[in-house]
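Reading through the structure tokens given below for one structure.
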Amino acid sequence: MDLVAGLNDEQRNAVIAPPENQLILAGAGSGKTRVLVHRIAWIIQQMHVSPQQILAVTFTNKAAKEMKTRIEALLNVDTRSLWIGTFHGLAYRFLKLHFERVKLPRNFTIIDADDQLRMVKRLMNTLNVDTERWPPKEVVAYINGNKEEGIRSSYIQRQGFQSNDMYIDLYQAYEEACQQAGVVDFAELLLRTLELFRDHKEIREHYQERFRFVLVDEFQDTNAIQYAWLRQLSGKGNAMTAVGDDDQSIYGWRGARVENIHAFEQDLAPANMYRLEQNYRSTKIILKAANAVIANNSERLGKELWSDGDEGNKILLYAAFNERDEAKYIVERIKEAIKEGKRPIDLAILYRSNAQSRVLEEALLQESLPYRIYGGQRFYDRLEIKNAMAYLRLARSTQDDTAFERIINVPPRGIGAKTVEQIRYHAREQGSSMWESAITLAGTGLSSRAANSVKSFVQLIESFHVLIEQVELHELIDHVIEKSTLLIYHQNEKGGKGEERAENLAELVSAAKVFEADENKFDEFIDAAALDAGDTQADEYESAVQLMTLHSAKGLEFPYVWLAGVERNIFPHRMSAEDPGRLEEERRLCYVGITRAEEQLTISYAETRRLHGREDFNGPSPFLKEIPTECIEEVRLKTEIRRPASPMFTPSSENLPKGIKLGARVYHDHFGEGVILDIEGADARTRVQISFDWEGTKWLMLSHANLTPIE
Ligand code: ATP
Ligand code: MG
């Protein structure tokens, strides 16, 4: 097969370049990944290099798989001996081969972030360290931060201050505990591999000789240790190819360093630099929009993409009335597209943060459209949501052992694994629930510390139980996540997760508000969530609409893309708007989003949004103004969108009782006078939102509210 037939001159030059270091710096959709794939094929076929002598690094496992498939299609060779994977995946492979050198047991295991935190906590308990003063999450962040910079506890200078030295002590104790248990966390994978290369000359040189070609995709998002790792692999005249786009560097918040591009130029003196400027992915209009947006960033190496493809359709812009209207609009369009014969897998919905997926998921579920959340979890599968739901479940039924086990020590309340085991055993013996056993054992059997913790846990859950009948569902949830300290607990998680987890919890309150219109809401809400978390998600091989955050979408492409929630405070994320550096990173994320679309891009925002438990009027994102107006077609004039758009949300006014309309003043027997803010649903399910003068804002079922209009 002619490996360079479908390439432009610059791409071809990069593919057939002699075995020297090279840097390919180019914009989105210009064929960087394609060049990498063809180069690997070329090296094997034309330079007669064995696949074993090639190592390629990709950003995700999915990308690695894709790359292998593409190489196989080009060459018809077995690619199993190729080393293609993520930094973590490859590190694991090196360590498995050289476990003795790095002093790991043969069967060492990888622990994830949750396991790591649990381990640190256990350690701190054993050492009697005050977890208030040294929060375990900060200890974990400290450990990982140092590992990512390549720093072991033994290298860190002690300052003689207890507060500081404690971190070093804990880091050291953690290293020892991991070593003892034969476990390796994510950062350790990279650091151990770096040490393997650095401290063992013969191994380093063996691999430098073996891997005659090292190729790295998405180079702009490598961090310090990953770069150091690559440096170790470079030598003995092998050739390293780095491929990247400074405009798509979106992991700065996680330690990625765009500066590695400059470091590469200096350290590895690439014989050639290639700049690809022709984009093959998107229509001219989409590209023009992307170029215009990214041009507003000041820190750029600078490049402009062009395309000789079709002009294409304008970017559709939909100003939704609220978040449900937005979801409804998107799902309607998706339904139409599928009806026209488009494959669901070609349709993608992208958004800034995970919490935004809930409303979209609900709209898709309602229409029974298969969907998959890529690189993230579905809303009700998320850890913090499961924890919150477990509190509600236990408040509903104390027999729910799974819920009990899940939260008996989450957030930590000093009930250790041993106590839980004791309770579990007792329950099994007595044939009772764990709840009952816990109460019995708290009377006699447990240590007084554990007994006290169990007692206050029981009281806490009972206090929630009483409220089920007394307050609105969303108030209950709000109360539960606060009083259980679940919110604060998740909020304090480090590594960028805490913020998101807190947002998701608040989003659960929003979900409950929408649910409240229905009778018997408490039970239904819990069960609906459980069903949602079940197996309605499309399996891997079914063609499904793809949902993902912008971060997860990097490197991917889809014929039809919906970019949802392009609103101020959401995108750019409200944490980033004030800081110029972070704002530029958000803009790069916007650039990534726009350039995922091949044929049609639709952007939407909601005028009001209930997210994170609040109702916000964010208005359109400032990034929207950066897109040239001639690229955009507004789906409806903004001024007309004073009312909900779709039939589901727009009760035709003829069906409403006289005097019930937006802005009307009404009287309610119980809550007194108020103003109608919103009307939703139709017929018997019509709901109205009223701002009462004395009672705050409430949603009521119109058919039951018995409202009297006031002139
Ligand atoms: P990103 O920055 O988003 O990772 P990229 O630079 O890696 O993008 P690719 O994904 O390699 O770009 O290519 C984008 C699309 O353009 C792919 O569908 C690819 O097959 C196609 N493409 C690239 N080069 C050519 C070419 N010379 N002729 C035809 N199609 C091409
Ligand atoms: Mg790519």
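Identifiers for the structure tokens are assigned positionally: chains receive A, B, ... in sequence, residues are indexed from 1 per chain, and ligands are indexed from 1 in the order shown.
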Taking only C-alpha atoms and all ligand atoms into account, produce a table as JSON lines in which each residue of chain A with an atom at most 10 Å from an atom of ligand 1 appears once, together with its shortest atom pair and the distance in Å to one decimal, ordered by chain and rising number.
```
{"residue": "A:Val4", "atom": "CA", "partner": "ligand 1", "partner_atom_place_in_ligand_line": "27 (N)", "distance": 8.8}
{"residue": "A:Ala5", "atom": "CA", "partner": "ligand 1", "partner_atom_place_in_ligand_line": "27 (N)", "distance": 8.4}
{"residue": "A:Gly6", "atom": "CA", "partner": "ligand 1", "partner_atom_place_in_ligand_line": "27 (N)", "distance": 5.1}
{"residue": "A:Leu7", "atom": "CA", "partner": "ligand 1", "partner_atom_place_in_ligand_line": "27 (N)", "distance": 3.7}
{"residue": "A:Asn8", "atom": "CA", "partner": "ligand 1", "partner_atom_place_in_ligand_line": "27 (N)", "distance": 4.9}
{"residue": "A:Asp9", "atom": "CA", "partner": "ligand 1", "partner_atom_place_in_ligand_line": "27 (N)", "distance": 8.5}
{"residue": "A:Glu10", "atom": "CA", "partner": "ligand 1", "partner_atom_place_in_ligand_line": "27 (N)", "distance": 9.3}
{"residue": "A:Gln11", "atom": "CA", "partner": "ligand 1", "partner_atom_place_in_ligand_line": "27 (N)", "distance": 7.1}
{"residue": "A:Arg12", "atom": "CA", "partner": "ligand 1", "partner_atom_place_in_ligand_line": "27 (N)", "distance": 8.6}
{"residue": "A:Ile24", "atom": "CA", "partner": "ligand 1", "partner_atom_place_in_ligand_line": "6 (O)", "distance": 9.6}
{"residue": "A:Leu25", "atom": "CA", "partner": "ligand 1", "partner_atom_place_in_ligand_line": "6 (O)", "distance": 9.0}
{"residue": "A:Ala26", "atom": "CA", "partner": "ligand 1", "partner_atom_place_in_ligand_line": "6 (O)", "distance": 6.5}
{"residue": "A:Gly27", "atom": "CA", "partner": "ligand 1", "partner_atom_place_in_ligand_line": "2 (O)", "distance": 5.6}
{"residue": "A:Ala28", "atom": "CA", "partner": "ligand 1", "partner_atom_place_in_ligand_line": "2 (O)", "distance": 3.3}
{"residue": "A:Gly29", "atom": "CA", "partner": "ligand 1", "partner_atom_place_in_ligand_line": "8 (O)", "distance": 3.5}
{"residue": "A:Ser30", "atom": "CA", "partner": "ligand 1", "partner_atom_place_in_ligand_line": "6 (O)", "distance": 4.0}
{"residue": "A:Gly31", "atom": "CA", "partner": "ligand 1", "partner_atom_place_in_ligand_line": "11 (O)", "distance": 3.2}
{"residue": "A:Lys32", "atom": "CA", "partner": "ligand 1", "partner_atom_place_in_ligand_line": "6 (O)", "distance": 3.7}
{"residue": "A:Thr33", "atom": "CA", "partner": "ligand 1", "partner_atom_place_in_ligand_line": "11 (O)", "distance": 3.7}
{"residue": "A:Arg34", "atom": "CA", "partner": "ligand 1", "partner_atom_place_in_ligand_line": "11 (O)", "distance": 3.7}
{"residue": "A:Val35", "atom": "CA", "partner": "ligand 1", "partner_atom_place_in_ligand_line": "11 (O)", "distance": 6.5}
{"residue": "A:Leu36", "atom": "CA", "partner": "ligand 1", "partner_atom_place_in_ligand_line": "11 (O)", "distance": 7.9}
{"residue": "A:Val37", "atom": "CA", "partner": "ligand 1", "partner_atom_place_in_ligand_line": "11 (O)", "distance": 8.4}
{"residue": "A:His38", "atom": "CA", "partner": "ligand 1", "partner_atom_place_in_ligand_line": "11 (O)", "distance": 9.9}
{"residue": "A:Asp217", "atom": "CA", "partner": "ligand 1", "partner_atom_place_in_ligand_line": "7 (O)", "distance": 8.0}
{"residue": "A:Glu218", "atom": "CA", "partner": "ligand 1", "partner_atom_place_in_ligand_line": "4 (O)", "distance": 7.1}
{"residue": "A:Val243", "atom": "CA", "partner": "ligand 1", "partner_atom_place_in_ligand_line": "7 (O)", "distance": 8.4}
{"residue": "A:Gly244", "atom": "CA", "partner": "ligand 1", "partner_atom_place_in_ligand_line": "2 (O)", "distance": 7.3}
{"residue": "A:Asp245", "atom": "CA", "partner": "ligand 1", "partner_atom_place_in_ligand_line": "2 (O)", "distance": 6.5}
{"residue": "A:Asp246", "atom": "CA", "partner": "ligand 1", "partner_atom_place_in_ligand_line": "2 (O)", "distance": 9.8}
{"residue": "A:Asp247", "atom": "CA", "partner": "ligand 1", "partner_atom_place_in_ligand_line": "2 (O)", "distance": 9.0}
{"residue": "A:Gln248", "atom": "CA", "partner": "ligand 1", "partner_atom_place_in_ligand_line": "2 (O)", "distance": 7.2}
{"residue": "A:Leu276", "atom": "CA", "partner": "ligand 1", "partner_atom_place_in_ligand_line": "6 (O)", "distance": 8.1}
{"residue": "A:Glu277", "atom": "CA", "partner": "ligand 1", "partner_atom_place_in_ligand_line": "6 (O)", "distance": 9.3}
{"residue": "A:Gln278", "atom": "CA", "partner": "ligand 1", "partner_atom_place_in_ligand_line": "24 (N)", "distance": 8.1}
{"residue": "A:Asn279", "atom": "CA", "partner": "ligand 1", "partner_atom_place_in_ligand_line": "16 (O)", "distance": 6.6}
{"residue": "A:Tyr280", "atom": "CA", "partner": "ligand 1", "partner_atom_place_in_ligand_line": "16 (O)", "distance": 4.1}
{"residue": "A:Arg281", "atom": "CA", "partner": "ligand 1", "partner_atom_place_in_ligand_line": "15 (C)", "distance": 4.4}
{"residue": "A:Ser282", "atom": "CA", "partner": "ligand 1", "partner_atom_place_in_ligand_line": "15 (C)", "distance": 8.1}
{"residue": "A:Ala553", "atom": "CA", "partner": "ligand 1", "partner_atom_place_in_ligand_line": "3 (O)", "distance": 8.7}
{"residue": "A:Lys554", "atom": "CA", "partner": "ligand 1", "partner_atom_place_in_ligand_line": "3 (O)", "distance": 6.2}
{"residue": "A:Gly555", "atom": "CA", "partner": "ligand 1", "partner_atom_place_in_ligand_line": "4 (O)", "distance": 3.6}
{"residue": "A:Leu556", "atom": "CA", "partner": "ligand 1", "partner_atom_place_in_ligand_line": "3 (O)", "distance": 6.0}
{"residue": "A:Glu557", "atom": "CA", "partner": "ligand 1", "partner_atom_place_in_ligand_line": "3 (O)", "distance": 7.0}
{"residue": "A:Phe558", "atom": "CA", "partner": "ligand 1", "partner_atom_place_in_ligand_line": "18 (O)", "distance": 9.1}
{"residue": "A:Pro559", "atom": "CA", "partner": "ligand 1", "partner_atom_place_in_ligand_line": "18 (O)", "distance": 9.9}
{"residue": "A:Tyr591", "atom": "CA", "partner": "ligand 1", "partner_atom_place_in_ligand_line": "3 (O)", "distance": 9.9}
{"residue": "A:Val592", "atom": "CA", "partner": "ligand 1", "partner_atom_place_in_ligand_line": "3 (O)", "distance": 7.1}
{"residue": "A:Gly593", "atom": "CA", "partner": "ligand 1", "partner_atom_place_in_ligand_line": "3 (O)", "distance": 9.4}
{"residue": "A:Thr595", "atom": "CA", "partner": "ligand 1", "partner_atom_place_in_ligand_line": "3 (O)", "distance": 6.8}
{"residue": "A:Arg596", "atom": "CA", "partner": "ligand 1", "partner_atom_place_in_ligand_line": "3 (O)", "distance": 6.6}
{"residue": "A:Ala597", "atom": "CA", "partner": "ligand 1", "partner_atom_place_in_ligand_line": "3 (O)", "distance": 9.8}
{"residue": "A:Glu598", "atom": "CA", "partner": "ligand 1", "partner_atom_place_in_ligand_line": "15 (C)", "distance": 8.6}
```
Identify, with DSSP run on backbone atoms, the residues in stretch 338-573 of chain A assigned to helix (DSSP H, G or I), and express the list as JSON, numbers by chain.
-> {"A": [338, 339, 344, 345, 346, 354, 355, 356, 357, 358, 359, 360, 361, 362, 363, 364, 365, 366, 379, 380, 381, 383, 384, 385, 386, 387, 388, 389, 390, 391, 392, 393, 394, 395, 396, 401, 402, 403, 404, 405, 406, 407, 417, 418, 419, 420, 421, 422, 423, 424, 425, 426, 427, 428, 429, 430, 434, 435, 436, 437, 438, 439, 440, 441, 442, 443, 448, 449, 450, 451, 452, 453, 454, 455, 456, 457, 458, 459, 460, 461, 462, 463, 464, 465, 466, 467, 473, 474, 475, 476, 477, 478, 479, 480, 481, 482, 483, 486, 487, 488, 489, 490, 491, 497, 498, 499, 500, 501, 502, 503, 504, 505, 506, 507, 508, 509, 510, 511, 512, 513, 514, 515, 521, 522, 523, 524, 525, 526, 527, 528, 529, 530, 531, 532, 533, 551, 552, 553]}
Practice problem: Determine, counting only C-alpha atoms, which protein, DNA and RNA residues have an atom within 8 Å of an atom of A:Asn354; residues of the same chain fewer than 5 positions away are not included. Present the result as an NGL selection string. | Solution: :A and (376 or 379 or 500 or 504 or 548-549)
Enumerate, in order of chain and increasing residue number, the residues of stretch 571-638 of chain A with an atom no farther than 10 Å from stretch 285-299 of chain A, each with its shortest atom pair and distance in Å to one decimal, counting only C-alpha atoms, as CSV.
```
residue,atom,partner,partner_atom,distance
A:Pro580,CA,A:Asn297,CA,9.5
A:Gly581,CA,A:Glu299,CA,9.0
A:Leu583,CA,A:Asn297,CA,9.0
A:Glu584,CA,A:Asn297,CA,5.9
A:Glu585,CA,A:Asn297,CA,8.9
A:Arg587,CA,A:Ile294,CA,6.6
A:Arg588,CA,A:Ile294,CA,6.6
A:Leu589,CA,A:Ile294,CA,9.5
A:Cys590,CA,A:Val293,CA,7.9
A:Tyr591,CA,A:Ala290,CA,5.5
A:Val592,CA,A:Ala290,CA,8.3
A:Gly593,CA,A:Ala290,CA,8.8
A:Ile594,CA,A:Ala290,CA,5.9
A:Thr595,CA,A:Ala290,CA,6.5
A:Arg596,CA,A:Ile286,CA,9.4
A:Ala597,CA,A:Ile286,CA,7.4
A:Glu598,CA,A:Ile286,CA,8.0
A:Glu599,CA,A:Ile286,CA,8.1
A:Gln600,CA,A:Ile286,CA,7.9
A:Leu601,CA,A:Ile286,CA,7.2
A:Phe623,CA,A:Val293,CA,6.9
A:Leu624,CA,A:Val293,CA,8.4
A:Lys625,CA,A:Val293,CA,8.7
A:Glu626,CA,A:Val293,CA,5.2
A:Ile627,CA,A:Ala289,CA,5.1
A:Pro628,CA,A:Ala289,CA,6.4
A:Thr629,CA,A:Ala289,CA,9.2
A:Glu630,CA,A:Ile285,CA,8.9
A:Cys631,CA,A:Ile285,CA,5.9
A:Ile632,CA,A:Ile285,CA,8.8
```
Surrounding residues of stretch 233-241 of chain A excluding itself and chain neighbours under 3 positions, 6 Å, only C-alpha atoms, as a list in words
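The residues that qualify are Pro19, Glu20, Asn21, Gln22, Leu23, Gln208, Glu209, Arg212, Phe213, Val214, Leu215 and Leu230 of chain A.
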Need to verify the contact set: stretch 433-444 of chain A, 10 Å, only C-alpha atoms, exclusion of same-chain residues closer than 3 positions in sequence. Can you return it as a VMD selection string?
chain A and resid 394 397 to 402 404 to 405 408 419 to 420 422 to 430 447 to 455 457 to 458
The selected residues should be written to file as a compact mmCIF listing (two decimals), in the first residue's frame (atoms: N, CA and C atoms).
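The result, written out as out-v3.txt:
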```txt
# COMPACT_ATOMS: atom_id res chain seq x y z
N LEU A 394 -30.78 5.03 53.13
CA LEU A 394 -30.76 4.54 54.50
C LEU A 394 -31.82 5.27 55.34
N SER A 397 -34.92 3.39 54.37
CA SER A 397 -35.01 2.07 54.96
C SER A 397 -33.69 1.70 55.62
N THR A 398 -33.77 1.44 56.89
CA THR A 398 -32.55 1.10 57.62
C THR A 398 -32.09 -0.32 57.30
N GLN A 399 -32.89 -1.05 56.53
CA GLN A 399 -32.50 -2.41 56.15
C GLN A 399 -31.53 -2.43 54.98
N ASP A 400 -31.32 -1.27 54.41
CA ASP A 400 -30.51 -1.19 53.20
C ASP A 400 -29.02 -1.33 53.56
N ASP A 401 -28.56 -2.57 53.61
CA ASP A 401 -27.18 -2.82 54.04
C ASP A 401 -26.13 -2.22 53.12
N THR A 402 -26.40 -2.25 51.84
CA THR A 402 -25.43 -1.70 50.89
C THR A 402 -25.23 -0.21 51.16
N PHE A 404 -25.87 1.27 53.96
CA PHE A 404 -25.23 1.36 55.27
C PHE A 404 -23.72 1.23 55.15
N GLU A 405 -23.31 0.19 54.46
CA GLU A 405 -21.87 -0.06 54.32
C GLU A 405 -21.17 1.07 53.59
N ILE A 408 -21.29 4.26 56.25
CA ILE A 408 -21.05 4.19 57.69
C ILE A 408 -19.78 4.96 58.07
N THR A 419 -14.31 -2.51 62.80
CA THR A 419 -15.65 -2.35 63.37
C THR A 419 -16.72 -2.77 62.36
N VAL A 420 -16.53 -2.32 61.11
CA VAL A 420 -17.52 -2.66 60.09
C VAL A 420 -17.59 -4.18 59.92
N GLN A 422 -16.95 -6.35 62.17
CA GLN A 422 -17.62 -6.85 63.37
C GLN A 422 -19.14 -6.74 63.22
N ILE A 423 -19.56 -5.59 62.70
CA ILE A 423 -21.00 -5.38 62.51
C ILE A 423 -21.55 -6.36 61.47
N ARG A 424 -20.80 -6.49 60.39
CA ARG A 424 -21.22 -7.37 59.31
C ARG A 424 -21.37 -8.81 59.83
N TYR A 425 -20.39 -9.21 60.62
CA TYR A 425 -20.38 -10.56 61.17
C TYR A 425 -21.59 -10.79 62.08
N HIS A 426 -21.80 -9.82 62.97
CA HIS A 426 -22.92 -9.90 63.90
C HIS A 426 -24.24 -9.99 63.15
N ALA A 427 -24.37 -9.15 62.12
CA ALA A 427 -25.61 -9.14 61.34
C ALA A 427 -25.84 -10.50 60.69
N ARG A 428 -24.76 -11.07 60.20
CA ARG A 428 -24.87 -12.37 59.54
C ARG A 428 -25.30 -13.43 60.55
N GLU A 429 -24.69 -13.40 61.72
CA GLU A 429 -25.03 -14.33 62.80
C GLU A 429 -26.49 -14.24 63.21
N GLN A 430 -26.93 -13.01 63.40
CA GLN A 430 -28.27 -12.78 63.93
C GLN A 430 -29.34 -12.73 62.85
N SER A 447 -15.73 -0.78 70.88
CA SER A 447 -14.94 0.13 71.69
C SER A 447 -15.78 1.38 71.92
N SER A 448 -15.48 2.10 72.97
CA SER A 448 -16.37 3.22 73.29
C SER A 448 -16.31 4.29 72.20
N ARG A 449 -15.15 4.44 71.57
CA ARG A 449 -15.02 5.43 70.50
C ARG A 449 -15.91 5.05 69.33
N ALA A 450 -15.81 3.78 68.92
CA ALA A 450 -16.62 3.31 67.80
C ALA A 450 -18.10 3.36 68.17
N ALA A 451 -18.41 2.98 69.42
CA ALA A 451 -19.81 2.97 69.85
C ALA A 451 -20.39 4.38 69.76
N ASN A 452 -19.63 5.36 70.21
CA ASN A 452 -20.12 6.73 70.14
C ASN A 452 -20.34 7.18 68.70
N SER A 453 -19.41 6.81 67.85
CA SER A 453 -19.56 7.19 66.43
C SER A 453 -20.80 6.53 65.84
N VAL A 454 -21.01 5.27 66.17
CA VAL A 454 -22.18 4.58 65.65
C VAL A 454 -23.45 5.26 66.14
N LYS A 455 -23.46 5.61 67.43
CA LYS A 455 -24.66 6.24 67.98
C LYS A 455 -24.98 7.56 67.29
N PHE A 457 -24.10 8.42 64.35
CA PHE A 457 -24.51 8.12 62.97
C PHE A 457 -25.99 7.73 62.94
N VAL A 458 -26.39 6.88 63.88
CA VAL A 458 -27.78 6.45 63.95
C VAL A 458 -28.71 7.65 64.15
```
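Each of A:Gln172, A:Gln220, A:Asn655, A:Gln162 was compared to ligand 2 using only C-alpha atoms and all ligand atoms, and A:Gln220 turns out to be the nearest.
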Per residue of stretch 316-365 of chain A within 7 Å of stretch 544-547 of chain A, which atom pair is closest and at what distance in Å (one decimal), using only C-alpha atoms, listed by chain and increasing number, as JSON lines?
```
{"residue": "A:Pro344", "atom": "CA", "partner": "A:Val545", "partner_atom": "CA", "distance": 4.7}
{"residue": "A:Ile345", "atom": "CA", "partner": "A:Ala544", "partner_atom": "CA", "distance": 4.9}
{"residue": "A:Leu347", "atom": "CA", "partner": "A:Val545", "partner_atom": "CA", "distance": 5.4}
{"residue": "A:Ala348", "atom": "CA", "partner": "A:Gln546", "partner_atom": "CA", "distance": 4.6}
{"residue": "A:Ile349", "atom": "CA", "partner": "A:Leu547", "partner_atom": "CA", "distance": 4.9}
{"residue": "A:Leu350", "atom": "CA", "partner": "A:Leu547", "partner_atom": "CA", "distance": 6.0}
```
### Query
Residues of stretch 295-536 of chain A in strand (DSSP E or B) according to DSSP, as a PyMOL selection string?
chain A and resi 306+315-322+347-351+371-373
What's the 12 Å shell around stretch 95-107 of chain A, counting only C-alpha atoms, without same-chain residues fewer than 2 positions away, as an MDAnalysis selection string? chainID A and resid 88:93 109:110 176 178:184 188:204
